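Heads up: the structure comes next, in C-alpha cells.
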Amino acid sequence: MRNSAFRAVGRGVLCVLAALALSAAVYPPPYPPPYPPAPSRAGADGKPRAGAEEKTRIPFTRRFDAVQHGGIVRAANAAVSCRAEGTGRDPACAKARAGGNAVNQRFDMFYSDVDDDPRTYNSTRAELRLPGRARVNYARLYWGGNLRVGEQKPPGDSGRVLFAEPGGRYKEVLADTVIGHRAGGGADAFQASADVTSLVRDSGPGMYTVAQINVAMGRSAVGAWGGWTLVVAYKKDDAPLRRLSVWDGFEVLDARRPEVRVELGGPRVPARATGRLGVVAYNGDRGVAGDSLAVETGNGKGVLLSNKDNPSADVMNSSITDFESEPLKRQPAYPNTLGYDSDVFDLRGALATGAHRLSVRIGAEKSPLWVGVLFAEADARY
C-alpha cells in the first residue's frame, strides 16, 4: 500500500494533506477548510513556470495489493447532470440522460441532490454489492471533478465530502492524500480520496450516499463533470484465489500526451484465467470517438477492451457499467453521466493465453481525458 503523498499543482492555489475524520454525529454547518494552500509553481503571470507541468503529474502507484480468496466490487455515481426540468431546462437533456449521444459542454449543468436535506447542494447514492459471507478488508472512496465552469470553486474545499452508509447519517470524510489538480484546456480538475475501510466493513452492502463534492456547475467549452467511486476489496473463503490491486494517480490525456501506460506487474496468471479491470475517468464524451483501453500481458499484442455499453473506439463514454451483472442501483440512475466514467471490463479475452504481467494502456485522441483510478482482479496460480 502507498503511504507517501504526492505534490499536485493547480492554477494559483493547492490543497495539502488532510487526515481522515469520521464523526458519528450529524454533520455540522459548512465551515472554512482546515488546511492552507500549498506554494504555487506558477509565475507572476499566473501561468506554470517552464517545466512545471511535468512536475504536476501524479503518476499511478499501487494503493492496495493482495493475493487472497475474494474479489473487488465498487459503487459509483455522478454528481452533476443537465437540467431536464425547472429553471434553465433544456429539451435535449432528457434524451441525453437516457443514454443518447451528448457531451456535457452542450448543457447548462446542475447538481444532482437526492437526499432532501437543505444543507447539501449535491448528493447521490449507489449500491455496493457484496457476496454472502464476504469480509471487507479494504475500502477507499474517490471523488473529483472540474472546479472551473460557470463558476470557479475554491480548491481548498476539494478535500471534504459527506459520506453515509446504508441507513446511516452523514459523516464528514477528509482526504488522506494530497489532492491532485491539473489545470489546462479550460478545466481545473481534481481528484481526492480517503480510506473508509472501517466504516464499510461495519456497514456491509447497500446504498451509500456521497454529498458535497466540490465540483462546479454551469456551462463552458470544457463542460462540468464530476462524481465518486467507492472501491472495496473483500475476502471470501470459497472464492477463487485472486490477485487484487488498486492503483491511483491523476493523469491528463490530451493532444500533447495522448496516451498513458500503467504497469500493474505480476504475479503470473494462468491461461484461460478470469479477471476484471475497473477504470475511473473524467470528461469522457459519449459519441466522440478516440478513447481506447488496452491490456498487455507479455504474451503477444495488447487486447482492446470493450463491452456492449462501452465500444472500443469510445470506451470512456460517460457511463457506470459492469459487464457481468445487472446495472447497479443508483439515485439518480442516468445511463449517460455526462462526463464521469466508472466502468468494469472483462479480462478473459486478454488472459486467454495467460499473462506474465499486466500493463494497462489508455488513449484519448480528441477531447481531453483525466484518468484517476484503476482496480483489477485476476486468477492467481501458486
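Going by the C-alpha cells order, chains are called A, B, ..., each with residues numbered from 1, while ligands are numbered from 1 in the order shown.
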Excluding Ala192 in chain A and any residue of its chain fewer than 3 positions from it, enumerate the residues within 8 Å of it, using only C-alpha atoms, and give them as an mmCIF file with N, CA and C atoms, in the first residue's frame.
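Saved file out_35.cif follows:
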data_model
loop_
_atom_site.group_PDB
_atom_site.id
_atom_site.type_symbol
_atom_site.label_atom_id
_atom_site.label_comp_id
_atom_site.auth_asym_id
_atom_site.auth_seq_id
_atom_site.Cartn_x
_atom_site.Cartn_y
_atom_site.Cartn_z
ATOM 1 N N TYR A 142 -13.156 7.568 -3.631
ATOM 2 C CA TYR A 142 -12.565 8.552 -4.540
ATOM 3 C C TYR A 142 -13.637 9.541 -4.977
ATOM 4 N N TRP A 143 -13.274 10.814 -5.065
ATOM 5 C CA TRP A 143 -14.197 11.803 -5.611
ATOM 6 C C TRP A 143 -13.403 12.870 -6.371
ATOM 7 N N GLY A 144 -14.043 13.503 -7.352
ATOM 8 C CA GLY A 144 -13.337 14.517 -8.132
ATOM 9 C C GLY A 144 -14.222 15.144 -9.174
ATOM 10 N N SER A 158 -11.882 20.985 -1.810
ATOM 11 C CA SER A 158 -11.951 19.726 -2.545
ATOM 12 C C SER A 158 -11.673 18.508 -1.682
ATOM 13 N N GLY A 159 -11.084 18.697 -0.518
ATOM 14 C CA GLY A 159 -10.702 17.562 0.312
ATOM 15 C C GLY A 159 -11.723 17.140 1.332
ATOM 16 N N ALA A 175 -9.929 14.064 2.926
ATOM 17 C CA ALA A 175 -8.956 13.332 2.120
ATOM 18 C C ALA A 175 -7.704 13.033 2.935
ATOM 19 N N THR A 177 -4.960 11.990 1.351
ATOM 20 C CA THR A 177 -3.928 12.047 0.334
ATOM 21 C C THR A 177 -3.940 13.424 -0.302
ATOM 22 N N VAL A 178 -2.765 13.914 -0.690
ATOM 23 C CA VAL A 178 -2.706 15.190 -1.398
ATOM 24 C C VAL A 178 -3.635 15.154 -2.599
ATOM 25 N N ILE A 179 -4.387 16.196 -2.776
ATOM 26 C CA ILE A 179 -5.381 16.269 -3.839
ATOM 27 C C ILE A 179 -4.697 16.646 -5.144
ATOM 28 N N GLY A 180 -5.018 15.917 -6.204
ATOM 29 C CA GLY A 180 -4.373 16.155 -7.483
ATOM 30 C C GLY A 180 -5.121 17.163 -8.313
#
Can you pull out the residues contacting His69 in chain A? Cut-off 12 Å, using only C-alpha atoms, and skip same-chain residues under 6 positions away; I want them as a PDB file with C-alpha atoms, in the first residue's frame.
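Below is the file out31.pdb, written as the result:
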ATOM      1  CA  ALA A 134     -17.699 -11.699   2.273  1.00  0.00           C
ATOM      2  CA  ARG A 135     -15.414  -9.834   4.689  1.00  0.00           C
ATOM      3  CA  VAL A 136     -14.256  -6.344   3.700  1.00  0.00           C
ATOM      4  CA  ASN A 137     -10.533  -5.829   4.138  1.00  0.00           C
ATOM      5  CA  ALA A 233     -11.710  -5.424  -1.690  1.00  0.00           C
ATOM      6  CA  TYR A 234     -13.113  -8.419   0.178  1.00  0.00           C
ATOM      7  CA  LYS A 235     -12.139 -11.886   1.376  1.00  0.00           C
ATOM      8  CA  LYS A 236     -14.373 -14.911   0.857  1.00  0.00           C
ATOM      9  CA  ASP A 237     -13.205 -18.404   1.745  1.00  0.00           C
ATOM     10  CA  ASP A 238     -14.887 -20.202  -1.169  1.00  0.00           C
ATOM     11  CA  ALA A 239     -13.965 -17.600  -3.812  1.00  0.00           C
ATOM     12  CA  PRO A 240     -11.111 -18.249  -6.264  1.00  0.00           C
ATOM     13  CA  LEU A 241      -7.589 -17.269  -5.285  1.00  0.00           C
ATOM     14  CA  ARG A 242      -7.014 -13.920  -6.969  1.00  0.00           C
ATOM     15  CA  ARG A 243      -4.536 -11.121  -7.169  1.00  0.00           C
ATOM     16  CA  LEU A 244      -6.401  -7.917  -6.183  1.00  0.00           C
ATOM     17  CA  GLU A 377      -8.642  -8.788 -10.069  1.00  0.00           C
ATOM     18  CA  ALA A 378      -7.215 -11.855 -11.834  1.00  0.00           C
ATOM     19  CA  ASP A 379      -6.899 -15.548 -11.030  1.00  0.00           C
ATOM     20  CA  ALA A 380      -3.556 -16.407  -9.448  1.00  0.00           C
ATOM     21  CA  ARG A 381      -1.505 -19.591  -9.660  1.00  0.00           C
TER      22      ARG A 381
END
TODO: Based on DSSP run over this structure's backbone, return all residues of range 217-346 of chain A in strand (DSSP E or B), as a PyMOL selection string.
DONE: chain A and resi 218+226-235+241-253+259-265+269+275-282+291-296+303-304+307+310+314+320-322+330-331+340-346
TODO: Using only C-alpha atoms, determine which residues lie at most 10 Å from range 104-112 of chain A, disregarding the query and same-chain residues fewer than 6 positions distant; provide the list as number ranges by chain.
DONE: A: 78-84, 88-90, 92-93, 96, 121-124, 149-150, 211-213, 215-226, 283-286, 318, 331-332, 336-340
Only C-alpha atoms, please: the residues just picked out, written as a CSV table (one decimal), in the first residue's frame.
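Result file selection.csv:
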chain,number,residue,atom,x,y,z
A,78,ALA,CA,-22.0,11.2,-11.0
A,79,ALA,CA,-22.5,14.5,-9.1
A,80,VAL,CA,-23.8,16.8,-11.8
A,81,SER,CA,-26.1,16.4,-14.8
A,82,CYS,CA,-28.0,18.6,-17.3
A,83,ARG,CA,-31.3,20.4,-16.4
A,84,ALA,CA,-34.3,18.5,-17.7
A,88,GLY,CA,-32.9,26.6,-17.3
A,89,ARG,CA,-34.2,23.2,-18.5
A,90,ASP,CA,-33.1,22.0,-21.9
A,92,ALA,CA,-32.5,17.8,-25.2
A,93,CYS,CA,-31.5,16.9,-21.7
A,96,ALA,CA,-29.1,12.7,-23.2
A,121,TYR,CA,-26.2,21.2,-2.6
A,122,ASN,CA,-25.3,17.9,-4.2
A,123,SER,CA,-25.9,14.3,-3.1
A,124,THR,CA,-26.1,10.9,-5.0
A,149,VAL,CA,-17.1,26.0,-15.3
A,150,GLY,CA,-19.7,28.8,-15.0
A,211,ALA,CA,-22.6,14.6,-0.8
A,212,GLN,CA,-20.9,18.0,-1.1
A,213,ILE,CA,-18.4,17.0,-3.8
A,215,VAL,CA,-17.5,20.3,-8.4
A,216,ALA,CA,-18.5,23.4,-10.3
A,217,MET,CA,-21.8,23.7,-12.2
A,218,GLY,CA,-22.8,25.8,-15.2
A,219,ARG,CA,-21.7,25.8,-18.8
A,220,SER,CA,-18.3,26.2,-20.5
A,221,ALA,CA,-16.4,25.0,-23.5
A,222,VAL,CA,-14.8,22.2,-21.4
A,223,GLY,CA,-18.0,21.4,-19.5
A,224,ALA,CA,-19.0,20.5,-15.9
A,225,TRP,CA,-18.3,16.9,-14.7
A,226,GLY,CA,-17.6,15.0,-11.6
A,283,ASN,CA,-14.6,14.1,-19.2
A,284,GLY,CA,-15.2,11.1,-21.4
A,285,ASP,CA,-17.8,12.1,-24.0
A,286,ARG,CA,-20.5,9.8,-25.4
A,318,SER,CA,-19.9,8.8,-19.7
A,331,GLN,CA,-30.1,7.6,-7.5
A,332,PRO,CA,-30.2,9.2,-9.9
A,336,ASN,CA,-25.3,8.9,-19.7
A,337,THR,CA,-23.5,10.5,-16.8
A,338,LEU,CA,-22.2,13.4,-19.0
A,339,GLY,CA,-18.6,13.3,-18.2
A,340,TYR,CA,-18.0,10.7,-15.5
Task: DSSP alpha helix (DSSP H) residues within range 90-238 of chain A, listed as a PyMOL selection string - done: chain A and resi 93-97+197-203
Could those residues be written to a file, using C-alpha atoms, as a PDB file, in the first residue's frame?
ATOM      1  CA  CYS A  93     -31.464  16.919 -21.674  1.00  0.00           C
ATOM      2  CA  ALA A  94     -33.917  14.072 -21.107  1.00  0.00           C
ATOM      3  CA  LYS A  95     -32.742  12.262 -24.233  1.00  0.00           C
ATOM      4  CA  ALA A  96     -29.105  12.728 -23.239  1.00  0.00           C
ATOM      5  CA  ARG A  97     -29.684  11.445 -19.714  1.00  0.00           C
ATOM      6  CA  THR A 197     -12.373   0.637   5.412  1.00  0.00           C
ATOM      7  CA  SER A 198     -13.677   0.580   8.981  1.00  0.00           C
ATOM      8  CA  LEU A 199     -16.981   2.207   8.069  1.00  0.00           C
ATOM      9  CA  VAL A 200     -17.660  -0.073   5.084  1.00  0.00           C
ATOM     10  CA  ARG A 201     -16.547  -3.175   6.978  1.00  0.00           C
ATOM     11  CA  ASP A 202     -19.032  -2.406   9.750  1.00  0.00           C
ATOM     12  CA  SER A 203     -21.861  -1.394   7.387  1.00  0.00           C
TER      13      SER A 203
END
- [ ] Go through A:Thr297, A:Leu128, A:Gly70, A:Asp65 one by one, measure the shortest atom-to-atom distance of each to Pro270 in chain A using only C-alpha atoms, and give the residue with the smallest value.
- [x] A:Thr297
Closest atom pairs, range 53-74 of chain A residues within 12 Å of range 347-370 of chain A, only C-alpha atoms, as a tab-separated table:
residue	atom	partner	partner_atom	distance
A:Arg57	CA	A:Trp370	CA	11.2
A:Ile58	CA	A:Trp370	CA	11.2
A:Pro59	CA	A:Trp370	CA	11.9
A:Phe60	CA	A:Val360	CA	10.9
Just the selected residues (C-alpha atoms), exported as a JSON list (two decimals), in the first residue's frame, please.
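What ended up in selection05.json:
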[["chain", "number", "residue", "atom", "x", "y", "z"],
["A", 57, "ARG", "CA", 1.82, 14.87, -12.88],
["A", 58, "ILE", "CA", 0.66, 12.34, -10.33],
["A", 59, "PRO", "CA", 1.72, 9.03, -11.87],
["A", 60, "PHE", "CA", -0.20, 5.89, -10.97]]
Open item on the list: Could you list, as a ChimeraX atom specification, every residue within 9 Å of Gly206 in chain A, counting only C-alpha atoms and ignoring same-chain residues fewer than 6 positions away?
Closed with: /A:126-130,165-167
- [ ] Enter the distance from CA of Lys301 in chain A to CA of Ala271 in chain A, in Å, rounded to one decimal.
- [x] 15.5 Å
Task: Nearest to Thr321 in chain A by atom-to-atom distance, counting only C-alpha atoms, from A:Asn77, A:Thr209, A:Ser306, A:Ser342 - done: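 Closest to Thr321 in chain A of all the choices is A:Ser342.
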